[in-house]
Amino acid sequence: MAESWVIMVTAQTPTNIAVIKYWGKRDEKLILPVNDSISVTLDPVHLCTTTTVAVSPSFAQDRMWLNGKEISLSGGRYQNCLREIRARACDVEDKERGIKISKKDWEKLHVHIASYNNFPTAAGLASSAAGFACLVFALAKLMNAKEDNSELSAIARQGSGSACRSLFGGFVKWKMGKVEDGSDSLAVQVVDEKHWDDLVIIIAVVSSRQKETSSTTGMRETVETSLLLQHRAKEIVPKRIIQMEEAIKNRDFASFAHLTCADSNQFHAVCLDTCPPIFYMNDTSHRIISCVEKWNRSVGTPQVAYTFDAGPNAVLIAHNRKAAAQLLQKLLFYFPPNSDTELNSYVLGDKSILKDAGIEDLKDVEALPPPPEIKDAPRYKGDVSYFICTRPGRGPVLLSDESQALLSPETGLPK
Ligand SMILES: Nc1ncnc2c1ncn2[C@@H]1O[C@H](COP(=O)(O)OP(=O)(O)OP(=O)(O)O)[C@@H](O)[C@H]1O
Ligand SMILES: C[C@@](O)(CCOP(=O)(O)OP(=O)(O)O)CC(=O)O
């Protein structure tokens, strides 16, 4: 009979949103980008992936369960991550249980992986970023790999480019790198999550449907057809990266907001410059942009920055809690929930922002005054699915409490 011990590790990893966008690869297989990018890590309390990885001599093959359903690990991206981590595995010993795994055993041993996203998967909320970062981080800890988080980020990158930025909290830069094997294309922390802790982030989930053009396909078509992308990657982004790092280090919200909005808009312009053109934003996205632009202009200094990834959802970064509360009032004025929706399931995450905005129930939403900066402001009931209030957050952590593990310590199968 095969030995029956199981060794497991559970990790939790955040998602991230780029404020200077990654769009376009110079090497598809290694996932090497055409420009640097910068992101903010979102608080894992509200958006995160939890992954348990287990090893046992009784496992017959590598297996993975995502949100409770078994999925195939045969895809190249999963295989690349598994291969790269296995190549860095070291000796592991559990003295108490008398278990020893030597470096070379890892080639033969199989792993079980169970992962859970506490937010919708493949809905434009960067589940692949948190997911691949968590997979690589958890496997590295299980296999006692000695690499630091930057080195691990270069492996997570091979699962999904944006995943490399989820290995750190706060603000993170993905350096595109120069060398052919991609070993210098990795993430570094710009500042940690405590550096600029008055920022508040509100996500408007405009549509939870799966998108038409995946990021991978979209950016391939852009690289093949858009001249604007070449100009962006060579001339625009390098300067913006320097300015963005400065703005973040100095907590200069005006510059930060200007750069964030301009870069999101240029990314969508590059999508439009693709043949055939790619449309990720919809009317609701455009209305949110207009609401923020008009408000910022009426105040004279930016209160909120917006950014949109490869989908219609808006990520709004408010200067502080006061601006966030005002923003939420405006958003709820324009986009009240359908009559059958409860406020509690319409504004998720950090609900204290709702309180700051003086909104306790749907009656308060109905009574909101129209934003003064727009005449005859219309209301678009039901056009937003829900809002998530969050903030910049920390990087990956190990969860030592076994009750949080997703696999059974006896069988290594999902609990
Ligand atoms: N927790 C996870 N662990 C491992 N892989 C995951 C995990 N969550 C998602 N993925 C992978 O990422 C894929 C979804 O990626 P996709 O880019 O389509 O959506 P998204 O990342 O949620 O949205 P977007 O990239 O637009 O922000 C899933 O099909 C799965 O392969
Ligand atoms: C618009 C983006 O979110 C694109 C993210 O693309 P992915 O990282 O999902 O693409 P692959 O590397 O092909 O997996 C911008 C960003 O996150 O920088």
# chains A, B, ... in the order shown; residues from 1 in each chain; ligands from 1
>>> residues_near_ligand(ligand="ligand 2", cutoff="9 Å", atoms="only C-alpha atoms and all ligand atoms", output="tab-separated table (two decimals) with C-alpha atoms, in the first residue's frame")
chain	number	residue	atom	x	y	z
A	16	ASN	CA	-4.50	44.17	-8.40
A	17	ILE	CA	-5.58	46.91	-10.78
A	18	ALA	CA	-3.12	48.60	-13.12
A	19	VAL	CA	-2.86	52.39	-13.08
A	20	ILE	CA	-0.31	52.26	-15.92
A	21	LYS	CA	-1.54	49.42	-18.12
A	22	TYR	CA	0.14	46.30	-19.46
A	23	TRP	CA	-1.20	45.70	-22.96
A	24	GLY	CA	0.86	43.82	-25.54
A	25	LYS	CA	3.48	41.07	-25.41
A	28	GLU	CA	3.76	35.26	-26.11
A	31	ILE	CA	4.59	36.40	-21.37
A	32	LEU	CA	7.03	39.30	-21.75
A	33	PRO	CA	5.36	42.71	-22.08
A	37	SER	CA	3.26	48.72	-15.81
A	38	ILE	CA	2.27	49.88	-12.32
A	39	SER	CA	-0.63	48.63	-10.21
A	77	ARG	CA	0.12	28.30	-18.41
A	124	GLY	CA	-13.14	41.47	-15.31
A	125	LEU	CA	-12.05	41.60	-11.67
A	126	ALA	CA	-8.58	40.10	-12.29
A	127	SER	CA	-9.24	36.62	-10.88
A	128	SER	CA	-6.44	35.26	-13.04
A	129	ALA	CA	-3.99	37.70	-11.42
A	157	ARG	CA	3.98	36.04	-14.85
A	158	GLN	CA	4.04	32.87	-16.95
A	159	GLY	CA	0.53	32.04	-15.67
A	160	SER	CA	-0.89	35.48	-16.48
A	161	GLY	CA	1.13	38.65	-16.99
A	162	SER	CA	-0.79	40.78	-14.50
A	163	ALA	CA	-0.39	38.02	-11.85
A	164	CYS	CA	3.25	38.99	-11.25
A	165	ARG	CA	2.07	42.25	-9.66
A	214	SER	CA	-10.03	37.89	-23.62
A	215	SER	CA	-7.06	40.06	-22.66
A	216	THR	CA	-4.72	37.50	-24.23
A	217	THR	CA	-6.48	37.55	-27.63
A	218	GLY	CA	-7.15	41.27	-27.50
A	219	MET	CA	-3.55	42.25	-26.86
A	220	ARG	CA	-2.30	39.85	-29.54
A	264	SER	CA	-6.79	54.04	-18.95
A	267	PHE	CA	-5.32	51.79	-23.33
A	268	HIS	CA	-8.93	51.87	-24.59
A	308	PHE	CA	-10.99	50.39	-16.68
A	309	ASP	CA	-9.42	47.04	-17.60
A	310	ALA	CA	-10.51	44.74	-20.43
A	311	GLY	CA	-14.19	45.09	-19.55
>>> residues_around(residues="Thr121 of chain A", least_positions_apart="4", cutoff="12 Å", atoms="only C-alpha atoms", output="MDAnalysis selection string")
chainID A and resid 15 47:49 66:67 115:117 125:131 208:211
>>> write_last_selection(atoms="C-alpha atoms", output="PDB file, in the first residue's frame")
ATOM      1  CA  THR A  15      -5.867  40.984  -6.828  1.00  0.00           C
ATOM      2  CA  LEU A  47     -11.087  40.581  -3.089  1.00  0.00           C
ATOM      3  CA  CYS A  48      -8.721  37.654  -2.820  1.00  0.00           C
ATOM      4  CA  THR A  49      -7.864  34.115  -3.783  1.00  0.00           C
ATOM      5  CA  LEU A  66     -11.346  25.948  -8.784  1.00  0.00           C
ATOM      6  CA  ASN A  67     -14.306  27.217  -6.765  1.00  0.00           C
ATOM      7  CA  SER A 115      -8.545  27.433  -4.998  1.00  0.00           C
ATOM      8  CA  TYR A 116     -11.393  29.743  -4.163  1.00  0.00           C
ATOM      9  CA  ASN A 117     -11.971  33.332  -5.307  1.00  0.00           C
ATOM     10  CA  LEU A 125     -12.046  41.596 -11.667  1.00  0.00           C
ATOM     11  CA  ALA A 126      -8.584  40.098 -12.291  1.00  0.00           C
ATOM     12  CA  SER A 127      -9.244  36.619 -10.877  1.00  0.00           C
ATOM     13  CA  SER A 128      -6.438  35.259 -13.043  1.00  0.00           C
ATOM     14  CA  ALA A 129      -3.987  37.701 -11.419  1.00  0.00           C
ATOM     15  CA  ALA A 130      -4.835  36.711  -7.842  1.00  0.00           C
ATOM     16  CA  GLY A 131      -5.236  33.067  -8.895  1.00  0.00           C
ATOM     17  CA  SER A 208     -20.592  40.123 -14.540  1.00  0.00           C
ATOM     18  CA  ARG A 209     -20.935  38.343 -17.873  1.00  0.00           C
ATOM     19  CA  GLN A 210     -17.820  36.786 -19.352  1.00  0.00           C
ATOM     20  CA  LYS A 211     -16.169  39.161 -21.797  1.00  0.00           C
TER      21      LYS A 211
END
>>> residues_around(residues="segment 237-241 of chain A", least_positions_apart="2", cutoff="10 Å", atoms="only C-alpha atoms", output="PyMOL selection string")
chain A and resi 19-22+34-38+173+231-235+243-247+259-260+262-263
>>> write_last_selection(atoms="N, CA and C atoms", output="short mmCIF file (atom, residue, chain, number, x, y, z; two decimals), in the first residue's frame")
data_model
loop_
_atom_site.label_atom_id
_atom_site.label_comp_id
_atom_site.auth_asym_id
_atom_site.auth_seq_id
_atom_site.Cartn_x
_atom_site.Cartn_y
_atom_site.Cartn_z
N VAL A 19 -2.63 50.96 -12.85
CA VAL A 19 -2.86 52.39 -13.08
C VAL A 19 -2.03 52.87 -14.29
N ILE A 20 -0.98 52.12 -14.62
CA ILE A 20 -0.31 52.26 -15.92
C ILE A 20 -0.42 50.86 -16.52
N LYS A 21 -1.09 50.74 -17.65
CA LYS A 21 -1.54 49.42 -18.12
C LYS A 21 -0.48 48.60 -18.86
N TYR A 22 -0.57 47.30 -18.64
CA TYR A 22 0.14 46.30 -19.46
C TYR A 22 -0.80 45.93 -20.59
N VAL A 34 5.42 44.57 -23.64
CA VAL A 34 6.08 45.60 -24.46
C VAL A 34 6.37 46.87 -23.65
N ASN A 35 5.84 46.95 -22.43
CA ASN A 35 6.16 48.11 -21.59
C ASN A 35 6.05 47.75 -20.11
N ASP A 36 6.67 48.58 -19.26
CA ASP A 36 6.50 48.44 -17.81
C ASP A 36 5.05 48.76 -17.46
N SER A 37 4.59 48.31 -16.30
CA SER A 37 3.26 48.72 -15.81
C SER A 37 3.33 48.92 -14.30
N ILE A 38 2.34 49.63 -13.77
CA ILE A 38 2.27 49.88 -12.32
C ILE A 38 0.84 49.60 -11.86
N LYS A 173 5.47 47.74 -9.33
CA LYS A 173 5.88 47.94 -10.74
C LYS A 173 6.31 46.61 -11.34
N HIS A 231 3.77 53.45 -30.55
CA HIS A 231 4.07 54.79 -30.06
C HIS A 231 3.89 54.84 -28.54
N ARG A 232 2.79 54.26 -28.08
CA ARG A 232 2.52 54.22 -26.63
C ARG A 232 3.67 53.54 -25.87
N ALA A 233 4.05 52.34 -26.34
CA ALA A 233 5.04 51.54 -25.61
C ALA A 233 6.41 52.22 -25.62
N LYS A 234 6.77 52.83 -26.76
CA LYS A 234 8.12 53.41 -26.89
C LYS A 234 8.22 54.81 -26.28
N GLU A 235 7.22 55.63 -26.58
CA GLU A 235 7.34 57.07 -26.24
C GLU A 235 6.56 57.47 -25.00
N GLN A 243 6.86 59.39 -13.99
CA GLN A 243 5.97 60.37 -13.36
C GLN A 243 5.06 59.69 -12.33
N MET A 244 4.57 58.50 -12.66
CA MET A 244 3.66 57.80 -11.74
C MET A 244 4.39 57.41 -10.46
N GLU A 245 5.62 56.92 -10.59
CA GLU A 245 6.38 56.55 -9.38
C GLU A 245 6.58 57.77 -8.48
N GLU A 246 6.87 58.91 -9.11
CA GLU A 246 7.05 60.15 -8.36
C GLU A 246 5.76 60.52 -7.64
N ALA A 247 4.65 60.47 -8.39
CA ALA A 247 3.35 60.87 -7.83
C ALA A 247 3.00 59.98 -6.64
N LEU A 259 -2.58 60.95 -14.43
CA LEU A 259 -1.87 59.87 -15.14
C LEU A 259 -2.73 58.61 -15.24
N THR A 260 -3.43 58.28 -14.15
CA THR A 260 -4.25 57.06 -14.13
C THR A 260 -5.35 57.15 -15.18
N ALA A 262 -5.57 59.20 -17.79
CA ALA A 262 -5.02 59.31 -19.15
C ALA A 262 -4.56 57.94 -19.64
N ASP A 263 -3.97 57.13 -18.75
CA ASP A 263 -3.46 55.85 -19.21
C ASP A 263 -4.58 54.86 -19.49
#
>>> residues_around(residues="Leu199 of chain A", least_positions_apart="5", cutoff="7 Å", atoms="only C-alpha atoms", output="ChimeraX atom specification")
/A:317-320,391
>>> write_last_selection(atoms="N, CA, C and O atoms", output="PDB file, in the first residue's frame")
ATOM      1  N   ILE A 317     -10.674  55.464  -7.800  1.00  0.00           N
ATOM      2  CA  ILE A 317      -9.767  55.643  -6.658  1.00  0.00           C
ATOM      3  C   ILE A 317      -9.973  57.050  -6.114  1.00  0.00           C
ATOM      4  O   ILE A 317      -9.695  58.036  -6.797  1.00  0.00           O
ATOM      5  N   ALA A 318     -10.514  57.122  -4.897  1.00  0.00           N
ATOM      6  CA  ALA A 318     -10.830  58.425  -4.301  1.00  0.00           C
ATOM      7  C   ALA A 318      -9.672  58.875  -3.411  1.00  0.00           C
ATOM      8  O   ALA A 318      -9.014  58.060  -2.758  1.00  0.00           O
ATOM      9  N   HIS A 319      -9.460  60.196  -3.395  1.00  0.00           N
ATOM     10  CA  HIS A 319      -8.352  60.818  -2.666  1.00  0.00           C
ATOM     11  C   HIS A 319      -8.378  60.455  -1.178  1.00  0.00           C
ATOM     12  O   HIS A 319      -7.346  60.226  -0.572  1.00  0.00           O
ATOM     13  N   ASN A 320      -9.569  60.428  -0.595  1.00  0.00           N
ATOM     14  CA  ASN A 320      -9.708  60.149   0.837  1.00  0.00           C
ATOM     15  C   ASN A 320     -11.148  59.723   1.122  1.00  0.00           C
ATOM     16  O   ASN A 320     -11.970  59.653   0.207  1.00  0.00           O
ATOM     17  N   ARG A 391      -9.840  49.243  -0.517  1.00  0.00           N
ATOM     18  CA  ARG A 391      -8.704  50.158  -0.326  1.00  0.00           C
ATOM     19  C   ARG A 391      -7.434  49.434  -0.776  1.00  0.00           C
ATOM     20  O   ARG A 391      -7.486  48.218  -1.023  1.00  0.00           O
TER      21      ARG A 391
END
>>> atom_distance(atom1="atom CA of Leu328 of chain A", atom2="atom CA of Ala122 of chain A")
25.3 Å
>>> select_by_dssp(residues="segment 190-373 of chain A", states="strand (DSSP E or B)", output="list in words")
Val190, Val191, Val200, Ile201, Ile202, Ile203, Ala204, Val205, Val304, Ala305, Tyr306, Thr307, Ala314, Val315, Leu316, Ile317, Ala318, Val347, Leu348 and Gly349 of chain A
>>> closest_residue(among="A:Ser4, A:Ser58, A:Ser385, A:Ser339", to="Val365 of chain A", atoms="only C-alpha atoms")
A:Ser339
>>> atom_distance(atom1="atom 18 (O, counted along the ligand's line) of ligand 1", atom2="atom CA of Ala138 of chain A")
21.3 Å
>>> atom_distance(atom1="atom 7 (C, counted along the ligand's line) of ligand 1", atom2="atom CA of Thr51 of chain A")
9.0 Å
